[in-house]
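First up is the structure itself, then whatever we jot down about it.
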Amino acid sequence: MVTLSTAGTVQLSPQVSECLSLDSHFSSFISASVDRHRLGDFGQVLGPYLESCQETFVFGGRYSSLFEYELVSSVLWGQQLVIISPSARDTTFVSFIGELY
């Protein structure tokens, strides 16, 4: 478990945790993505799901964001992170898209 601020904790999936050693910039990408998520930036979430996330962000409830790692020189290039905050918002979960958390 990682603590990024007083806004709660961030729980990385085992696969995301393992990838931290593959790229020294990946940790800062995760931190920046979590910060954006907590501010209501849902990244690449589109369509009706975006509207749903916006509503639950404002009125309370579980919401998620999607961010793609775009450092072309990295072995992790193109990996997509899903960031999920439950309605309590005390813990934020980070995993790769398609990974069961």
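Convention: chains lettered A, B, ... in structure tokens order; per-chain residue numbering from 1; ligands numbered from 1 as shown.
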
**Request:** Would you mind listing what lies within 12 Å of Phe93 of chain A as a ChimeraX atom specification, with only C-alpha atoms counted and same-chain residues fewer than 5 positions away left out?
**Result:** /A:1-3,8-14,16-17,30-31,33-34,37-38,62-66,81-86,99-101

So that I have them on file, write out the residues from the current selection with N, CA and C atoms, as a compact mmCIF listing (two decimals), in the first residue's frame.
# COMPACT_ATOMS: atom_id res chain seq x y z
N MET A 1 0.84 -1.17 0.00
CA MET A 1 0.00 0.00 0.00
C MET A 1 0.89 1.24 0.00
N VAL A 2 0.49 2.23 -0.77
CA VAL A 2 1.25 3.46 -0.91
C VAL A 2 0.39 4.62 -0.43
N THR A 3 0.96 5.52 0.33
CA THR A 3 0.23 6.71 0.73
C THR A 3 0.75 7.88 -0.09
N GLY A 8 -6.11 9.90 1.47
CA GLY A 8 -6.33 8.46 1.56
C GLY A 8 -5.13 7.69 1.05
N THR A 9 -5.34 6.40 0.91
CA THR A 9 -4.26 5.54 0.45
C THR A 9 -4.51 5.08 -0.98
N VAL A 10 -3.43 4.61 -1.59
CA VAL A 10 -3.49 4.06 -2.94
C VAL A 10 -3.03 2.62 -2.85
N GLN A 11 -3.85 1.72 -3.35
CA GLN A 11 -3.53 0.29 -3.35
C GLN A 11 -3.23 -0.12 -4.79
N LEU A 12 -1.99 -0.55 -5.02
CA LEU A 12 -1.59 -1.02 -6.35
C LEU A 12 -1.83 -2.52 -6.46
N SER A 13 -2.28 -2.95 -7.63
CA SER A 13 -2.42 -4.38 -7.86
C SER A 13 -1.03 -5.01 -7.86
N PRO A 14 -0.94 -6.31 -7.63
CA PRO A 14 0.37 -6.97 -7.67
C PRO A 14 1.10 -6.78 -9.00
N VAL A 16 0.81 -4.24 -11.18
CA VAL A 16 1.29 -2.86 -11.28
C VAL A 16 2.51 -2.69 -10.37
N SER A 17 2.46 -3.22 -9.17
CA SER A 17 3.61 -3.14 -8.25
C SER A 17 4.86 -3.76 -8.84
N ILE A 30 1.98 7.03 -12.28
CA ILE A 30 0.90 6.56 -11.43
C ILE A 30 0.45 7.69 -10.49
N SER A 31 1.40 8.36 -9.87
CA SER A 31 1.06 9.46 -8.95
C SER A 31 0.29 10.57 -9.66
N SER A 33 -1.44 10.32 -12.42
CA SER A 33 -2.75 9.81 -12.83
C SER A 33 -3.72 9.78 -11.66
N VAL A 34 -3.25 9.37 -10.49
CA VAL A 34 -4.10 9.35 -9.30
C VAL A 34 -4.52 10.77 -8.93
N HIS A 37 -7.17 11.82 -11.33
CA HIS A 37 -8.39 11.08 -10.99
C HIS A 37 -9.10 11.73 -9.81
N ARG A 38 -8.36 12.06 -8.78
CA ARG A 38 -8.95 12.65 -7.57
C ARG A 38 -9.52 14.04 -7.82
N ARG A 62 -19.03 5.23 -6.50
CA ARG A 62 -17.81 4.63 -7.06
C ARG A 62 -17.59 5.18 -8.47
N TYR A 63 -16.36 5.63 -8.74
CA TYR A 63 -16.04 6.12 -10.07
C TYR A 63 -14.65 5.64 -10.46
N SER A 64 -14.38 5.65 -11.77
CA SER A 64 -13.09 5.17 -12.26
C SER A 64 -12.57 6.06 -13.37
N SER A 65 -11.27 5.93 -13.60
CA SER A 65 -10.57 6.66 -14.66
C SER A 65 -9.69 5.69 -15.43
N LEU A 66 -9.31 6.08 -16.62
CA LEU A 66 -8.46 5.25 -17.47
C LEU A 66 -7.35 6.13 -18.04
N LEU A 81 -3.90 2.00 -17.35
CA LEU A 81 -4.21 1.87 -15.93
C LEU A 81 -5.66 2.24 -15.68
N VAL A 82 -6.32 1.44 -14.88
CA VAL A 82 -7.66 1.75 -14.40
C VAL A 82 -7.50 2.18 -12.95
N ILE A 83 -8.05 3.32 -12.63
CA ILE A 83 -7.99 3.84 -11.27
C ILE A 83 -9.43 3.92 -10.77
N ILE A 84 -9.68 3.31 -9.62
CA ILE A 84 -11.03 3.21 -9.09
C ILE A 84 -11.07 3.75 -7.67
N SER A 85 -12.05 4.58 -7.41
CA SER A 85 -12.31 5.06 -6.05
C SER A 85 -13.70 4.59 -5.65
N PRO A 86 -13.80 3.85 -4.56
CA PRO A 86 -15.12 3.46 -4.06
C PRO A 86 -15.83 4.68 -3.48
N GLU A 99 -7.34 -6.48 -15.86
CA GLU A 99 -6.87 -7.23 -14.69
C GLU A 99 -7.98 -7.23 -13.64
N LEU A 100 -8.25 -8.36 -13.09
CA LEU A 100 -9.25 -8.41 -12.02
C LEU A 100 -8.62 -7.93 -10.74
N TYR A 101 -9.27 -7.06 -10.05
CA TYR A 101 -8.72 -6.52 -8.80
C TYR A 101 -9.63 -6.87 -7.68

Please, which residues in segment 36-82 of chain A fall within 10 Å of segment 22-26 of chain A when counting only C-alpha atoms, and what is the closest atom pair and distance in Å to one decimal for each, ordered by chain then residue number, as a Markdown table?
| residue | atom | partner | partner_atom | distance |
| --- | --- | --- | --- | --- |
| A:Tyr69 | CA | A:Phe26 | CA | 8.0 |
| A:Leu71 | CA | A:His25 | CA | 8.6 |
| A:Ser73 | CA | A:Asp23 | CA | 9.8 |
| A:Ser74 | CA | A:Asp23 | CA | 6.7 |
| A:Val75 | CA | A:Leu22 | CA | 7.4 |
| A:Leu76 | CA | A:Asp23 | CA | 7.5 |
| A:Trp77 | CA | A:Phe26 | CA | 9.8 |

For the selection just defined, write its residues with N, CA and C atoms to a file, as a PDB file, in the first residue's frame.
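Written out: selection-v4.pdb:
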ATOM      1  N   TYR A  69      -0.106   4.835 -20.475  1.00  0.00           N
ATOM      2  CA  TYR A  69       1.300   5.218 -20.308  1.00  0.00           C
ATOM      3  C   TYR A  69       1.888   5.473 -21.689  1.00  0.00           C
ATOM      4  N   LEU A  71       5.040   6.850 -22.560  1.00  0.00           N
ATOM      5  CA  LEU A  71       6.485   6.991 -22.719  1.00  0.00           C
ATOM      6  C   LEU A  71       6.951   5.933 -23.722  1.00  0.00           C
ATOM      7  N   SER A  73       9.688   5.118 -25.144  1.00  0.00           N
ATOM      8  CA  SER A  73      10.939   4.386 -24.926  1.00  0.00           C
ATOM      9  C   SER A  73      10.835   3.329 -23.820  1.00  0.00           C
ATOM     10  N   SER A  74       9.686   3.239 -23.173  1.00  0.00           N
ATOM     11  CA  SER A  74       9.509   2.309 -22.056  1.00  0.00           C
ATOM     12  C   SER A  74       8.947   0.971 -22.515  1.00  0.00           C
ATOM     13  N   VAL A  75       9.329  -0.086 -21.819  1.00  0.00           N
ATOM     14  CA  VAL A  75       8.746  -1.405 -22.075  1.00  0.00           C
ATOM     15  C   VAL A  75       7.272  -1.431 -21.654  1.00  0.00           C
ATOM     16  N   LEU A  76       6.859  -0.452 -20.885  1.00  0.00           N
ATOM     17  CA  LEU A  76       5.465  -0.373 -20.423  1.00  0.00           C
ATOM     18  C   LEU A  76       4.607   0.524 -21.317  1.00  0.00           C
ATOM     19  N   TRP A  77       5.175   1.038 -22.395  1.00  0.00           N
ATOM     20  CA  TRP A  77       4.455   1.924 -23.297  1.00  0.00           C
ATOM     21  C   TRP A  77       3.144   1.279 -23.740  1.00  0.00           C
TER      22      TRP A  77
END

**Request:** Might you pull out every residue within 8 Å of Gly61 of chain A, with only C-alpha atoms counted and same-chain residues fewer than 2 positions away left off, and present them as a ChimeraX atom specification?
**Result:** /A:56-57,59,63,86-88

**Message:** Could you pull out the strand (DSSP E) residues of chain A, going by DSSP on the backbone, and write them as a ChimeraX atom specification?
**Reply:** /A:2-5,8-12,63-68,80-85,91-96

**Request:** Going by DSSP on the backbone, which bits of chain A are helix (DSSP H, G or I)? Write them as a VMD selection string, please.
**Result:** chain A and resid 14 to 19 26 to 38 47 to 59

Just the selected residues (C-alpha atoms), exported as a PDB file, in the first residue's frame, please.
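The new file again.pdb reads:
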ATOM      1  CA  PRO A  14       0.372  -6.969  -7.668  1.00  0.00           C
ATOM      2  CA  GLN A  15       0.998  -6.656 -11.423  1.00  0.00           C
ATOM      3  CA  VAL A  16       1.294  -2.864 -11.276  1.00  0.00           C
ATOM      4  CA  SER A  17       3.605  -3.141  -8.247  1.00  0.00           C
ATOM      5  CA  GLU A  18       5.852  -5.583 -10.100  1.00  0.00           C
ATOM      6  CA  CYS A  19       6.193  -3.171 -13.026  1.00  0.00           C
ATOM      7  CA  PHE A  26       6.257   4.654 -14.020  1.00  0.00           C
ATOM      8  CA  SER A  27       5.811   5.615 -10.358  1.00  0.00           C
ATOM      9  CA  SER A  28       5.499   9.317 -11.208  1.00  0.00           C
ATOM     10  CA  PHE A  29       2.999   8.453 -13.967  1.00  0.00           C
ATOM     11  CA  ILE A  30       0.896   6.559 -11.426  1.00  0.00           C
ATOM     12  CA  SER A  31       1.058   9.460  -8.945  1.00  0.00           C
ATOM     13  CA  ALA A  32       0.101  12.016 -11.595  1.00  0.00           C
ATOM     14  CA  SER A  33      -2.750   9.807 -12.829  1.00  0.00           C
ATOM     15  CA  VAL A  34      -4.104   9.348  -9.296  1.00  0.00           C
ATOM     16  CA  ASP A  35      -3.926  13.111  -8.728  1.00  0.00           C
ATOM     17  CA  ARG A  36      -5.847  13.736 -11.966  1.00  0.00           C
ATOM     18  CA  HIS A  37      -8.388  11.079 -10.989  1.00  0.00           C
ATOM     19  CA  ARG A  38      -8.949  12.652  -7.572  1.00  0.00           C
ATOM     20  CA  GLY A  47     -19.419   8.339 -23.749  1.00  0.00           C
ATOM     21  CA  PRO A  48     -22.177   7.445 -21.317  1.00  0.00           C
ATOM     22  CA  TYR A  49     -19.671   5.970 -18.869  1.00  0.00           C
ATOM     23  CA  LEU A  50     -17.958   9.374 -18.666  1.00  0.00           C
ATOM     24  CA  GLU A  51     -21.260  11.019 -17.764  1.00  0.00           C
ATOM     25  CA  SER A  52     -21.820   8.376 -15.087  1.00  0.00           C
ATOM     26  CA  CYS A  53     -18.337   8.959 -13.633  1.00  0.00           C
ATOM     27  CA  GLN A  54     -18.877  12.706 -13.602  1.00  0.00           C
ATOM     28  CA  GLU A  55     -22.156  12.313 -11.725  1.00  0.00           C
ATOM     29  CA  THR A  56     -20.759   9.912  -9.126  1.00  0.00           C
ATOM     30  CA  PHE A  57     -17.699  12.115  -8.661  1.00  0.00           C
ATOM     31  CA  VAL A  58     -19.921  15.077  -7.809  1.00  0.00           C
ATOM     32  CA  PHE A  59     -22.730  13.346  -5.939  1.00  0.00           C
TER      33      PHE A  59
END

**Message:** I'd like to know which of A:Thr91, A:Ser21, A:Gly98, A:Asp41 is closest to Phe67 of chain A, using only C-alpha atoms.
**Reply:** A:Asp41

**Prompt:** So what do you get for atom CA of Glu68 of chain A versus atom CA of Thr92 of chain A, distance-wise?
**Reply:** 17.4 Å
